[in-house]
$ cat data-v1.tsv   # TSV, C-alpha atoms
chain	number	residue	atom	x	y	z
D	28	MET	CA	-0.45	9.53	-35.86
D	29	ASN	CA	2.32	11.45	-37.65
D	30	VAL	CA	5.82	12.19	-36.37
D	31	LYS	CA	4.90	15.71	-35.24
D	32	SER	CA	1.96	14.39	-33.23
D	33	LEU	CA	4.15	11.76	-31.60
D	34	LYS	CA	6.73	14.39	-30.68
D	35	PHE	CA	3.99	16.57	-29.20
D	36	CYS	CA	2.64	13.64	-27.16
D	37	ALA	CA	6.14	12.84	-25.92
D	38	LEU	CA	6.66	16.47	-24.93
D	39	LEU	CA	3.30	16.56	-23.13
D	40	VAL	CA	4.08	13.37	-21.22
D	41	GLY	CA	7.50	14.79	-20.28
D	42	ILE	CA	5.91	17.97	-18.91
D	43	LEU	CA	3.42	15.92	-16.89
D	44	LEU	CA	6.22	13.80	-15.45
D	45	ILE	CA	8.23	16.84	-14.39
D	46	GLN	CA	5.23	18.48	-12.73
D	47	ALA	CA	4.17	15.25	-11.03
D	48	CYS	CA	7.58	14.30	-9.62
D	49	ALA	CA	7.53	13.63	-5.86
D	50	THR	CA	9.57	11.80	-3.23
D	51	SER	CA	8.28	9.07	-0.90
D	52	PRO	CA	9.04	9.02	2.86
D	53	THR	CA	11.89	6.57	2.18
D	54	GLY	CA	13.45	8.82	-0.48
D	55	ARG	CA	12.13	6.97	-3.53
D	56	SER	CA	11.10	8.99	-6.61
D	57	GLN	CA	7.37	8.94	-7.37
D	58	ILE	CA	4.96	10.13	-10.03
D	59	ILE	CA	1.85	11.68	-8.43
D	60	LEU	CA	-0.71	12.93	-10.96
D	61	TYR	CA	-3.85	13.36	-8.85
D	62	PRO	CA	-4.69	15.91	-6.11
D	63	ASP	CA	-4.85	14.55	-2.55
D	64	SER	CA	-8.41	15.86	-2.19
D	65	GLU	CA	-9.57	13.63	-5.05
D	66	LEU	CA	-8.02	10.51	-3.49
D	67	ALA	CA	-9.51	11.41	-0.08
D	68	GLU	CA	-12.98	11.70	-1.59
D	69	MET	CA	-12.59	8.37	-3.36
D	70	GLY	CA	-11.42	6.70	-0.15
D	71	GLN	CA	-14.34	8.05	1.84
D	72	GLN	CA	-16.85	6.96	-0.79
D	73	ALA	CA	-15.34	3.48	-0.97
D	74	PHE	CA	-15.43	3.13	2.82
D	75	ALA	CA	-19.06	4.21	3.01
D	76	GLY	CA	-19.92	1.56	0.44
D	77	MET	CA	-18.08	-1.14	2.37
D	78	LYS	CA	-19.99	-0.31	5.55
D	79	GLN	CA	-23.19	-0.89	3.61
D	80	GLU	CA	-22.05	-4.22	2.16
D	81	ILE	CA	-19.99	-5.89	4.92
D	82	LYS	CA	-21.23	-6.63	8.42
D	83	ILE	CA	-19.63	-4.47	11.10
D	84	SER	CA	-18.43	-6.37	14.17
D	85	ASN	CA	-20.24	-5.74	17.45
D	86	LYS	CA	-17.61	-7.47	19.58
D	87	ARG	CA	-16.79	-4.87	22.19
D	88	VAL	CA	-13.34	-6.16	23.16
D	89	SER	CA	-12.10	-6.50	19.57
D	90	ASN	CA	-13.39	-3.07	18.63
D	91	ALA	CA	-11.83	-1.46	21.68
D	92	MET	CA	-8.43	-3.07	21.06
D	93	VAL	CA	-8.32	-2.12	17.36
D	94	GLN	CA	-9.43	1.44	18.10
D	95	CYS	CA	-6.77	1.76	20.80
D	96	ILE	CA	-4.06	0.45	18.46
D	97	ALA	CA	-5.09	2.84	15.71
D	98	ASN	CA	-5.19	5.77	18.13
D	99	GLU	CA	-1.66	5.06	19.34
D	100	LEU	CA	-0.29	4.77	15.80
D	101	LEU	CA	-2.10	7.85	14.53
D	102	LYS	CA	-0.42	10.02	17.17
D	103	TYR	CA	2.67	9.76	14.97
D	104	VAL	CA	0.97	10.43	11.62
D	105	ASP	CA	1.36	14.01	10.41
D	106	ASP	CA	-1.77	16.10	9.83
D	107	SER	CA	-0.63	16.59	6.24
D	108	VAL	CA	-1.67	12.96	5.62
D	109	PHE	CA	-5.17	13.65	6.96
D	110	ALA	CA	-6.12	16.52	9.23
D	111	GLY	CA	-9.56	15.25	10.30
D	112	GLU	CA	-10.68	12.52	12.66
D	113	TRP	CA	-9.83	9.03	11.44
D	114	GLU	CA	-12.62	6.45	11.35
D	115	VAL	CA	-11.77	2.90	12.41
D	116	VAL	CA	-14.13	-0.02	11.75
D	117	VAL	CA	-13.80	-3.75	12.48
D	118	PHE	CA	-15.57	-5.79	9.80
D	119	GLU	CA	-17.02	-9.22	10.56
D	120	ASP	CA	-15.22	-11.18	7.85
D	121	ASP	CA	-12.80	-14.13	7.73
D	122	GLN	CA	-10.29	-12.27	5.54
D	123	VAL	CA	-6.86	-12.14	7.17
D	124	ASN	CA	-6.38	-8.53	6.25
D	125	ALA	CA	-6.79	-4.84	7.04
D	126	PHE	CA	-6.65	-1.66	5.01
D	127	ALA	CA	-6.34	2.10	5.26
D	128	LEU	CA	-7.70	4.57	2.72
D	129	PRO	CA	-6.97	8.19	1.89
D	130	GLY	CA	-9.48	10.39	3.66
D	131	GLY	CA	-8.83	8.97	7.13
D	132	LYS	CA	-10.41	5.50	6.97
D	133	ILE	CA	-9.10	2.27	8.54
D	134	GLY	CA	-10.72	-1.16	8.29
D	135	VAL	CA	-9.71	-4.38	10.06
D	136	TYR	CA	-11.26	-7.77	9.32
D	137	THR	CA	-11.95	-10.11	12.23
D	138	GLY	CA	-10.04	-12.85	10.38
D	139	LEU	CA	-6.83	-10.92	11.01
D	140	LEU	CA	-7.42	-11.07	14.77
D	141	ASN	CA	-7.20	-14.87	14.60
D	142	VAL	CA	-3.72	-14.77	13.06
D	143	ALA	CA	-2.26	-11.64	14.66
D	144	THR	CA	-2.13	-13.04	18.18
D	145	ASN	CA	-1.43	-9.86	20.17
D	146	GLN	CA	-1.65	-6.07	20.04
D	147	HIS	CA	1.85	-5.75	18.58
D	148	GLN	CA	1.09	-7.97	15.59
D	149	VAL	CA	-2.17	-6.17	14.89
D	150	ALA	CA	-0.25	-2.88	15.11
D	151	ALA	CA	2.24	-4.20	12.54
D	152	VAL	CA	-0.57	-4.74	10.03
D	153	VAL	CA	-2.44	-1.52	10.76
D	154	GLY	CA	0.84	0.42	10.71
D	155	HIS	CA	1.68	-1.13	7.34
D	156	GLU	CA	-1.69	-0.10	5.93
D	157	ILE	CA	-1.35	3.45	7.25
D	158	GLY	CA	2.11	3.43	5.64
D	159	HIS	CA	0.46	3.02	2.23
D	160	VAL	CA	-1.56	6.19	2.87
D	161	ILE	CA	1.42	8.14	4.22
D	162	ALA	CA	3.43	7.28	1.10
D	163	LYS	CA	0.49	8.05	-1.24
D	164	HIS	CA	0.71	4.61	-2.81
D	165	GLY	CA	-2.91	4.69	-4.03
D	166	ASN	CA	-2.26	7.91	-5.92
D	167	GLU	CA	1.01	6.55	-7.27
D	168	ARG	CA	-0.60	3.32	-8.50
D	169	MET	CA	-3.35	5.23	-10.27
D	170	SER	CA	-0.76	7.56	-11.79
D	171	ASN	CA	1.40	4.63	-12.88
D	172	THR	CA	-1.59	2.92	-14.51
D	173	ALA	CA	-2.44	6.12	-16.36
D	174	MET	CA	1.12	6.45	-17.65
D	175	ILE	CA	1.27	2.80	-18.77
D	176	GLY	CA	-2.02	3.30	-20.62
D	177	MET	CA	-0.70	6.39	-22.37
D	178	GLY	CA	2.46	4.53	-23.40
D	179	GLN	CA	0.59	1.52	-24.75
D	180	GLN	CA	-1.78	3.76	-26.72
D	181	ALA	CA	1.12	5.63	-28.31
D	182	VAL	CA	2.89	2.40	-29.30
D	183	GLY	CA	-0.31	1.01	-30.75
D	184	GLN	CA	-0.76	4.11	-32.89
D	185	VAL	CA	2.81	3.88	-34.18
D	186	LEU	CA	2.38	0.21	-35.12
D	187	ALA	CA	-0.90	0.91	-36.88
D	188	ALA	CA	0.53	3.89	-38.77
D	189	ASN	CA	3.41	1.76	-40.03
D	190	GLU	CA	1.20	-1.26	-40.77
D	191	VAL	CA	3.32	-3.59	-38.64
D	192	ALA	CA	2.21	-7.21	-38.98
D	193	SER	CA	0.61	-9.03	-36.03
D	194	THR	CA	-0.05	-5.76	-34.17
D	195	PRO	CA	-2.57	-7.34	-31.71
D	196	LEU	CA	-0.01	-9.96	-30.68
D	197	ILE	CA	2.66	-7.30	-30.16
D	198	MET	CA	0.28	-5.20	-28.07
D	199	GLN	CA	-0.67	-8.26	-26.04
D	200	GLY	CA	2.99	-8.89	-25.39
D	201	LEU	CA	3.50	-5.26	-24.44
D	202	GLY	CA	0.65	-5.52	-21.95
D	203	LEU	CA	2.20	-8.61	-20.40
D	204	GLY	CA	5.58	-6.93	-20.34
D	205	ALA	CA	4.16	-3.87	-18.65
D	206	GLN	CA	2.40	-6.04	-16.08
D	207	VAL	CA	5.38	-8.22	-15.18
D	208	GLY	CA	8.09	-5.66	-15.79
D	209	ILE	CA	6.52	-2.56	-14.29
D	210	ALA	CA	3.19	-2.95	-12.51
D	211	LEU	CA	3.96	-5.98	-10.34
D	212	PRO	CA	7.44	-4.94	-9.17
D	213	PHE	CA	5.97	-1.52	-8.58
D	214	SER	CA	3.41	-3.07	-6.21
D	215	ARG	CA	6.08	-5.12	-4.44
D	216	THR	CA	8.04	-1.89	-3.94
D	217	HIS	CA	4.96	-0.38	-2.32
D	218	GLU	CA	4.52	-3.34	0.00
D	219	SER	CA	8.15	-3.29	1.10
D	220	GLU	CA	8.05	0.47	1.62
D	221	ALA	CA	4.85	0.21	3.67
D	222	ASP	CA	6.50	-2.51	5.76
D	223	GLU	CA	9.37	-0.16	6.59
D	224	ILE	CA	7.12	2.82	7.34
D	225	GLY	CA	4.78	0.66	9.41
D	226	LEU	CA	7.65	-0.88	11.37
D	227	ASN	CA	8.96	2.54	12.36
D	228	LEU	CA	5.46	3.79	13.11
D	229	MET	CA	4.63	0.94	15.47
D	230	ALA	CA	8.00	1.32	17.21
D	231	LYS	CA	7.45	5.05	17.80
D	232	ALA	CA	4.03	4.23	19.27
D	233	GLY	CA	5.54	1.76	21.74
D	234	PHE	CA	4.61	-1.53	20.05
D	235	GLU	CA	7.33	-4.19	19.91
D	236	PRO	CA	8.75	-4.11	16.36
D	237	THR	CA	10.09	-7.68	16.57
D	238	GLN	CA	6.48	-8.88	16.60
D	239	ALA	CA	6.18	-7.80	12.95
D	240	VAL	CA	8.54	-10.63	12.08
D	241	GLN	CA	6.53	-13.09	14.15
D	242	LEU	CA	3.38	-11.96	12.37
D	243	TRP	CA	4.85	-12.91	9.00
D	244	LYS	CA	5.96	-16.24	10.38
D	245	ASN	CA	2.32	-16.77	11.35
D	246	MET	CA	1.25	-15.76	7.84
D	247	GLU	CA	3.78	-18.11	6.25
D	248	GLN	CA	2.53	-20.97	8.39
D	249	LEU	CA	-1.08	-20.14	7.49
D	250	SER	CA	-0.31	-20.22	3.75
D	251	GLY	CA	1.37	-23.60	4.03
D	252	GLY	CA	3.87	-22.49	1.42
D	253	ASN	CA	1.17	-22.14	-1.23
D	254	THR	CA	2.38	-18.86	-2.72
D	255	GLN	CA	2.97	-18.13	-6.40
D	256	PRO	CA	6.48	-17.20	-7.59
D	257	GLU	CA	7.49	-13.83	-6.21
D	258	PHE	CA	8.19	-12.32	-9.65
D	259	LEU	CA	4.51	-12.92	-10.53
D	260	SER	CA	3.11	-11.64	-7.24
D	261	THR	CA	2.10	-8.15	-6.19
D	262	HIS	CA	3.45	-8.89	-2.70
D	263	PRO	CA	6.92	-9.98	-1.59
D	264	ALA	CA	7.12	-13.56	-0.32
D	265	PRO	CA	6.79	-13.86	3.48
D	266	SER	CA	10.45	-14.92	3.71
D	267	THR	CA	11.50	-11.78	1.80
D	268	ARG	CA	9.40	-9.59	4.06
D	269	ILE	CA	10.94	-11.19	7.14
D	270	ASP	CA	14.47	-10.62	5.80
D	271	ASP	CA	13.70	-6.98	4.97
D	272	LEU	CA	12.09	-6.36	8.36
D	273	ASN	CA	15.12	-7.82	10.11
D	274	LYS	CA	17.40	-5.49	8.12
D	275	ASN	CA	15.44	-2.51	9.45
D	276	MET	CA	15.03	-3.90	12.97
D	277	ALA	CA	18.00	-2.16	14.61
D	278	ALA	CA	16.67	1.27	13.67
D	279	ALA	CA	13.14	0.30	14.74
D	280	ASN	CA	14.36	-0.98	18.11
D	281	LYS	CA	16.02	2.39	18.74
D	282	LEU	CA	12.71	4.10	18.11
D	283	PHE	CA	10.94	1.62	20.38
D	284	ASN	CA	13.43	2.15	23.21
D	285	ALA	CA	13.04	5.91	22.84
D	286	ALA	CA	9.21	5.77	22.82
D	287	PRO	CA	7.75	7.95	25.61
D	288	SER	CA	5.47	5.09	26.67
D	289	LYS	CA	4.79	1.49	25.77
D	290	ALA	CA	1.46	0.62	24.20
D	291	ASN	CA	-1.18	-1.07	26.31
D	292	CYS	CA	-4.21	-1.96	24.19
D	293	GLU	CA	-4.96	-5.49	25.39

$ encode --input "data-v1.tsv" --output "structure tokens"
Amino acid sequence: MNVKSLKFCALLVGILLIQACATSPTGRSQIILYPDSELAEMGQQAFAGMKQEIKISNKRVSNAMVQCIANELLKYVDDSVFAGEWEVVVFEDDQVNAFALPGGKIGVYTGLLNVATNQHQVAAVVGHEIGHVIAKHGNERMSNTAMIGMGQQAVGQVLAANEVASTPLIMQGLGLGAQVGIALPFSRTHESEADEIGLNLMAKAGFEPTQAVQLWKNMEQLSGGNTQPEFLSTHPAPSTRIDDLNKNMAAANKLFNAAPSKANCE
């Protein structure tokens, strides 16, 4: 690739970045390259596939509680996130997890209900997952991956054009650098942002925000301290999440005290 081509590529990337600039609910700058409708369609397709592959729980009490929690939280989610009717499914699986997808889909694994010991703790997790959708984290991650790929391709072409020695090793190092330096911290930023959005969401809906901290104490106890170093993890360490939640707790408690009613899903 010659100099003119490189300049053109740089100009094109710059134009894309300007057009794709957005701001998250917490005021953070984002790059959003894909239309919301495309992400919604992908989320709906993925959810349909999961319902075919993973057993759906038939436990009436668990299903009723999770549906109630989701309903209370979704009262405070703007229609611009998803204007249709959200679908909530409890999957019979030991994973201690839940998720929300663009296109109005929420899934909760029964394994989570063994660790989240009350409605407030379940609401903390579901609120966190809805927070990812509110902040368009899926779109942002896809956009970030696309931009990293474009950057690596351009560097590779420059190295090849200039016959730089050991090009594969340099590209391998660049991939590692992009992963540790950009992609992983980027994911940790998403997790922390979703924690904050979810904390405020559960408080508005009348769930006790302090229970989000207790949830992560439960998670920390479950892990037995077997977590990889935070700088090599896509998620903040439980202790970091607890500290961050506590920093935002005063504001969340104000929202909880001002809630028109307190949640009652148990």

$ atom_distance --input "data-v1.tsv" --atom1 "atom CA of D:Ala221" --atom2 "atom CA of D:Asp271"
11.5 Å

$ residues_around --input "data-v1.tsv" --residues "D:Asn284" --least-positions-apart "3" --cutoff "9 Å" --atoms "all atoms listed in the file" --output "list in words"
Ala230, Lys231, Gly233, Ala279, Asn280, Lys281 and Pro287 of chain D

$ atom_distance --input "data-v1.tsv" --atom1 "atom CA of D:Asn124" --atom2 "atom CA of D:Tyr136"
5.8 Å

$ residues_around --input "data-v1.tsv" --residues "stretch 78-88 of chain D" --least-positions-apart "5" --cutoff "8 Å" --atoms "only C-alpha atoms" --output "list in words"
Val116, Val117, Phe118, Glu119, Asp120 and Thr137 of chain D

$ closest_residue --input "data-v1.tsv" --among "D:Ala143, D:Ser107, D:Ala73, D:Thr172" --to "D:Leu128" --atoms "all atoms listed in the file"
D:Ala73

$ residues_near_point --input "data-v1.tsv" --point "(-12.9, 2.4, 13.7)" --cutoff "10 Å" --atoms "only C-alpha atoms" --output "PyMOL selection string"
chain D and resi 83+90-91+93-95+97-98+113-118+132-135

$ atom_distance --input "data-v1.tsv" --atom1 "atom CA of D:Val104" --atom2 "atom CA of D:His159"
12.0 Å

$ residues_near_point --input "data-v1.tsv" --point "(-5.2, 12.7, 2.7)" --cutoff "7 Å" --atoms "all atoms listed in the file" --output "PDB file with C-alpha atoms, in the frame of the given file"
ATOM      1  CA  ASP D  63      -4.850  14.550  -2.550  1.00  0.00           C
ATOM      2  CA  SER D  64      -8.410  15.860  -2.190  1.00  0.00           C
ATOM      3  CA  ALA D  67      -9.510  11.410  -0.080  1.00  0.00           C
ATOM      4  CA  SER D 107      -0.630  16.590   6.240  1.00  0.00           C
ATOM      5  CA  VAL D 108      -1.670  12.960   5.620  1.00  0.00           C
ATOM      6  CA  PHE D 109      -5.170  13.650   6.960  1.00  0.00           C
ATOM      7  CA  PRO D 129      -6.970   8.190   1.890  1.00  0.00           C
ATOM      8  CA  GLY D 130      -9.480  10.390   3.660  1.00  0.00           C
ATOM      9  CA  GLY D 131      -8.830   8.970   7.130  1.00  0.00           C
TER      10      GLY D 131
END

$ closest_residue --input "data-v1.tsv" --among "D:Pro212, D:Pro265, D:Gly251, D:Pro236" --to "D:Leu282" --atoms "all atoms listed in the file"
D:Pro236
